[in-house]
Amino acid sequence: MTTYINCSYMNLPPDKLKLLSQYDNDKKWELVCDQERFQVKSPPSTYLTKIKSFYQDQGGVSRRKKRIQDATQVLKNLEISLRTNHIGWAQEFLNEHNNGLDVLVEYLSHAQSDVSFEVDSVENGGTLSDRGKPAERSMEDLTKSSSSSHSHGVSRAALFTHVSFSFHRITTLGSKIHRKSHPSNQRDDVHVCIMCLRAIMNYQSGFNQVMTHPRCVNEITLSLNSKNPRTKALVLELLAAVCLVRGGHDIILSAFDNFKEVSKERNRFEKLMEYFINDDSNIDFMVACMQFINIVVHSVENMNFRVHLQYEFTHLGLDKYLERLKQTESEKLQVQIQAYLDNVLDVGALLEDAENRGGVLDHVDELQQHNVEVRGRQKKYSQQLTVVSLKQRNDFFNHCSFFSVSSGLKGKKPIQTKFRMPLLNWQALKPNQITGTIFNELDDEQILGELNMENFEEQFKTRAQGNPTDLSNIKKKAVQKAPSKTSLIDANKAKNLAITLRKGGMNPSIICTAIETYDQQALSLDFLELLEHFIPSDFEMKLLLNYEKDGRPLEELTDEDRFILRFGKIPRLSQRINTLTFMGNFPETVKRLQPQLNSIIAASMSIKSSTKLKKILEIVLAFGNYMNSSKRGAAYGFRLQSLDLLLETKSTDRSQTLLHFITSIIQEKYSDLANFHTDLHFVDKAALVSLDSILQDIRALERGMEMTKKEFLVQDDCPVLKEFIKTNSEQLESLIKDSKTAQEAYASAVEYFGENPKTTQPAMFFPMFGRFIKAYKVRTSHCFLIMPQMDLIAELKKRQVKPQVREGKDGALEDIITGTLT
């Protein structure tokens with residue numbers, strides 16, 4: 001008889017539930033049994049009664065350690081229940097009768113204040129019982145009123161003033177009430193309590209309760225004062241997830257305003273930056289910190305507010321510290337740092353650009369207007385005054401960073417156009433940046449001598465001649481059953497190990513023998529990487545060995561404990577697993593890296609050696625100088641990112657772009673250049689390569705080979721190690737040689753085009769050519785067609801990037817955290 005198994009009661013998000021429904025009944029029953037085995041069966045009231053007793057117990061210091069240990073275990077069991085029990089259990093925990101969230105927040109507040117109150121009491125001659133109850137009530141009332149004010153639309157400035165004033169009243173009550181002025185000790189109960197809150201936040205109803213709770217996010221934020229970097233990383237992941245939800249950004253800033261007052265910071269985020277700069281030994285915390293800063297600053301749509309937040313971190317030394325971190329070997333940290341730098345709003349550059357555009361035009365307009373007025377009043381002196389006026393304008397240009405006699409470059413004269421032309425807002429290279437680049441070999445004046453520019457002027461002249469430039473639109477584009485047997489290891493670790501061993505489908509003895517003999521055929525790479533997480537700590541091994549030494553029967557230990565005991569007895573276990581993993585990954589890694597190096601080399605060499613590309617850039621330089629020189633002076637070269645502006649510069653009637661016009665000129669006058677892009681090889685593939693990541697992977701291969709050779713020295717009778725080293729050492733040397741060639745070819749190409757190879761990655765350099773080629777091909781196939789209005793709108797919409805707003809749903813927190821970490 002077939003039995004239908006309904007798994008809808010299991011606490012799973014819709015996508016996982018859909019996947020589960022596709023399994024056969026045997027597989028479903030196995031998973032159900034797994035869940036039954038590891039679920040804690042106690043009702044919510046049991047946990048809540050115990051947790052309340054921990055923070056209501058005002059026992060002496062001697063009892064505190066035992067109380068913390070007991071509380072930690074209760075919280076661990078609660079976290080498992082919240083995460084694995086059906087959703088009804090969690091709803092019962094959170095309902096109005098149990099108020100589970102209030103209890104956890106109260107415990108977290110108590111746990112964090114425990115140590116600081118003890119220190120404060122000693123300093124002030126008091127005892128632990130002298131807690132400032134009235135002050136605590138004032139702080140709670142303040143937080144509630146702040147939340148209420150926020151929900152009624154009070155401005156950020158008014159709310160901050162209210163918070164500052166209220167906290168000023170509190171701090172005058174005495175030093176004993178600064179309950180978190182000292183960082184709390186590294187204690188597991190705080191960490192596990194926050195894990196419970198994370199489990200709650202993964203339910204839609206629980207997340208909503210946390211978001212509306214007057215103290216919860218504040219208490220989570222104050223947990224940054226923990227000395228445990230794992231706890232701080234966990235806190236920052238949660239805060240980053242909250243920040244991405246609608247309305248969450250304001251809640252996070254309010255929480256850090258509260259943190260500033262309670263921790264007596266001079267500036268908001270001061271402690272966060274202090275920990276980020278000083279706690280540099282834990283890479284996970286550093287990644288979480290950089291990710292949080294990224295989200296807090298760059299998830300804001302308002303440009304002025306983004307600049308304000310950006311300056312807060314700059315003032316605290318973030319920019320200088322990121323300079324020091326640029327050479328970090330952590331790819332995750334590099335990604336976060338680069339994301340921050342890519343989205344930074346360079347206010348100085350925007351102001352300089354605005355001044356250049358507005359100031360120069362205004363100056364020229366003033367001179368021209370002055371000429372008109374003088375010509376009307378004193379006609380007989382008009383010709384003389386015009387000459388003087390033109391001389392003034394030329395002198396003005398000659399005194400800017402437009403050309404230098406000392407550079408050895410031929411001076412370029414401003415081009416006088418019949419109509420005022422729109423500015424091509426490129427980034428011009430300075431004369432001292434031209435030496436040794438492709439631009440030193442270009443002659444744009446010869447191009448202008450070969451072309452009739454009257455048609456170009458007619459099509460691209462500005463609509464209203466003489467009108468001042470509108471600077472209001474200058475913006476930077478902004479670019480989630482207890483086991484009956486004895487267990488001595490952590491319950492979560494045991495659970496995960498049981499799943500891993502079942503997945504491997506191998507006898508534990510065979511697994512350990514395969515590791516001892518370096519048997520790559522017996523152990524898959526995925527399984528090895530999973531096993532690495534279960535290498536026992538010294539403490540765990542001591543517990544198990546003492547159990548064995550005492551003569552107690554091993555049969556009474558769980559299967560997982562017996563495996564850990566056998567597993568941990570393997571000599572140099574960590575080195576063996578690392579060596580096996582390296583040997584297994586080596587062929588695939590080389591196979592992945594070699595084509596990437598080849599594409600970098602080919603793309604770099606073809607771009608640098610293309611004479612057709614050189615001529616194309618010469619034409620672009622000519623048109624840009626024709627448009628700009630009367631206002632800005634002639635440029636000798638330009639940054640490659642300026643090529644994107646050819647698509648944004650429109651003709652007078654908005655029917656075509658500057659690139660469109662240049663393309664038609666190339667087909668008409670320089671047909672031999674029309675297929676210039678066929679000279680450029682592997683540009684698209686090179687654009688997808690991270691050269692730094694490749695070099696890191698190769699250094700890791702070198703370290704792995706050295707590790708393997710050391711293992712062979714210890715076990716020189718192992719034929720597997722001997723054969724691997726003999727076969728692959730030469731291949732690694734070849735890969736290292738190609739990596740040096742790629743670095744040299746890439747650096748040479750980047751410098752040839754006036755860019756800096758230290759700050760310009762292939763993912764930035766090659767796409768500039770890729771976008772230009774793609775746009776050129778499109779314009780070639782539609783050279784004499786007008787772009788439809790709908791296509792133009794679609795293109796603009798495609799270019800506009802807005803921060804994603806997350807909506808709450810069950811499982812949403814994990815989705816957000818997973819999304820922001822990848």
# chains A, B, ... in the order shown; residues from 1 in each chain; ligands from 1
>>> residues_around(residues="Ala240 in chain A", least_positions_apart="4", cutoff="7 Å", atoms="only C-alpha atoms", output="list in words")
Leu236, Leu244, Phe292 and Ile295 of chain A
>>> closest_residue(among="A:Gln112, A:Ser263, A:Ser487, A:Gln291", to="Cys193 in chain A", atoms="only C-alpha atoms")
A:Gln112
>>> closest_atom_pairs(of="range 567-685 of chain A", to="range 544-553 of chain A", cutoff="12 Å", atoms="only C-alpha atoms", output="CSV")
residue,atom,partner,partner_atom,distance
A:Phe567,CA,A:Leu544,CA,11.4
A:Gly568,CA,A:Leu544,CA,9.6
A:Lys569,CA,A:Leu545,CA,9.6
>>> closest_residue(among="A:Gln416, A:Cys289, A:Thr558, A:Asp26", to="Gly633 in chain A", atoms="only C-alpha atoms")
A:Gln416
>>> atom_distance(atom1="CA of Leu316 in chain A", atom2="CA of Val297 in chain A")
14.0 Å
>>> residues_around(residues="Ala686 in chain A", least_positions_apart="3", cutoff="7 Å", atoms="only C-alpha atoms", output="list of chain:residue names")
A:Gln596, A:Ser599, A:Ile600, A:Ala603, A:Phe682, A:Val683, A:Val689, A:Pro762, A:Phe766
>>> write_last_selection(atoms="N, CA and C atoms", output="PDB file, in the first residue's frame")
ATOM      1  N   GLN A 596      42.575  31.560 -19.566  1.00  0.00           N
ATOM      2  CA  GLN A 596      42.436  32.948 -19.129  1.00  0.00           C
ATOM      3  C   GLN A 596      43.728  33.734 -19.360  1.00  0.00           C
ATOM      4  N   SER A 599      44.057  34.433 -23.084  1.00  0.00           N
ATOM      5  CA  SER A 599      43.192  35.517 -23.575  1.00  0.00           C
ATOM      6  C   SER A 599      43.750  36.884 -23.194  1.00  0.00           C
ATOM      7  N   ILE A 600      44.333  37.007 -21.980  1.00  0.00           N
ATOM      8  CA  ILE A 600      44.959  38.273 -21.571  1.00  0.00           C
ATOM      9  C   ILE A 600      46.117  38.619 -22.499  1.00  0.00           C
ATOM     10  N   ALA A 603      44.741  39.381 -26.201  1.00  0.00           N
ATOM     11  CA  ALA A 603      44.011  40.654 -26.269  1.00  0.00           C
ATOM     12  C   ALA A 603      44.959  41.842 -26.105  1.00  0.00           C
ATOM     13  N   PHE A 682      40.138  38.135 -28.734  1.00  0.00           N
ATOM     14  CA  PHE A 682      39.840  37.683 -27.363  1.00  0.00           C
ATOM     15  C   PHE A 682      39.544  38.837 -26.406  1.00  0.00           C
ATOM     16  N   VAL A 683      39.091  39.977 -26.929  1.00  0.00           N
ATOM     17  CA  VAL A 683      38.809  41.118 -26.053  1.00  0.00           C
ATOM     18  C   VAL A 683      37.673  40.798 -25.093  1.00  0.00           C
ATOM     19  N   VAL A 689      38.178  38.269 -17.180  1.00  0.00           N
ATOM     20  CA  VAL A 689      39.262  37.708 -16.371  1.00  0.00           C
ATOM     21  C   VAL A 689      39.668  38.672 -15.269  1.00  0.00           C
ATOM     22  N   PRO A 762      41.797  44.150 -15.786  1.00  0.00           N
ATOM     23  CA  PRO A 762      41.289  43.738 -17.104  1.00  0.00           C
ATOM     24  C   PRO A 762      39.773  43.874 -17.216  1.00  0.00           C
ATOM     25  N   PHE A 766      39.512  46.055 -20.743  1.00  0.00           N
ATOM     26  CA  PHE A 766      39.045  45.457 -21.993  1.00  0.00           C
ATOM     27  C   PHE A 766      37.576  45.766 -22.308  1.00  0.00           C
TER      28      PHE A 766
END
>>> closest_residue(among="A:Ile510, A:Leu732, A:Gln204, A:Ser537", to="Pro587 in chain A", atoms="only C-alpha atoms")
A:Leu732
>>> closest_atom_pairs(of="range 689-789 of chain A", to="range 423-438 of chain A", cutoff="8 Å", atoms="only C-alpha atoms", output="Markdown table")
| residue | atom | partner | partner_atom | distance |
| --- | --- | --- | --- | --- |
| A:Glu751 | CA | A:Thr437 | CA | 6.6 |
| A:Tyr752 | CA | A:Thr437 | CA | 4.2 |
| A:Phe753 | CA | A:Thr437 | CA | 5.5 |
| A:Gly754 | CA | A:Thr437 | CA | 5.7 |
>>> residues_around(residues="Asp188 in chain A", least_positions_apart="5", cutoff="9 Å", atoms="only C-alpha atoms", output="VMD selection string")
chain A and resid 68 to 69 72 193 228 231
>>> write_last_selection(atoms="N, CA, C and O atoms", output="PDB file, in the first residue's frame")
ATOM      1  N   ILE A  68      26.059  31.559  32.951  1.00  0.00           N
ATOM      2  CA  ILE A  68      26.308  31.821  31.527  1.00  0.00           C
ATOM      3  C   ILE A  68      26.394  30.515  30.759  1.00  0.00           C
ATOM      4  O   ILE A  68      25.848  30.391  29.649  1.00  0.00           O
ATOM      5  N   GLN A  69      27.082  29.522  31.313  1.00  0.00           N
ATOM      6  CA  GLN A  69      27.197  28.231  30.631  1.00  0.00           C
ATOM      7  C   GLN A  69      25.826  27.589  30.439  1.00  0.00           C
ATOM      8  O   GLN A  69      25.500  27.074  29.367  1.00  0.00           O
ATOM      9  N   THR A  72      23.832  29.473  27.807  1.00  0.00           N
ATOM     10  CA  THR A  72      24.330  29.203  26.450  1.00  0.00           C
ATOM     11  C   THR A  72      23.738  27.918  25.900  1.00  0.00           C
ATOM     12  O   THR A  72      23.304  27.861  24.740  1.00  0.00           O
ATOM     13  N   CYS A 193      22.526  33.960  21.310  1.00  0.00           N
ATOM     14  CA  CYS A 193      21.297  34.759  21.415  1.00  0.00           C
ATOM     15  C   CYS A 193      21.019  35.478  20.094  1.00  0.00           C
ATOM     16  O   CYS A 193      19.877  35.538  19.636  1.00  0.00           O
ATOM     17  N   ASN A 228      34.452  38.917  20.418  1.00  0.00           N
ATOM     18  CA  ASN A 228      34.472  37.770  19.512  1.00  0.00           C
ATOM     19  C   ASN A 228      34.246  38.248  18.076  1.00  0.00           C
ATOM     20  O   ASN A 228      33.160  38.729  17.749  1.00  0.00           O
ATOM     21  N   THR A 231      31.123  36.981  16.375  1.00  0.00           N
ATOM     22  CA  THR A 231      29.885  37.655  16.783  1.00  0.00           C
ATOM     23  C   THR A 231      29.728  38.969  16.032  1.00  0.00           C
ATOM     24  O   THR A 231      28.638  39.298  15.548  1.00  0.00           O
TER      25      THR A 231
END
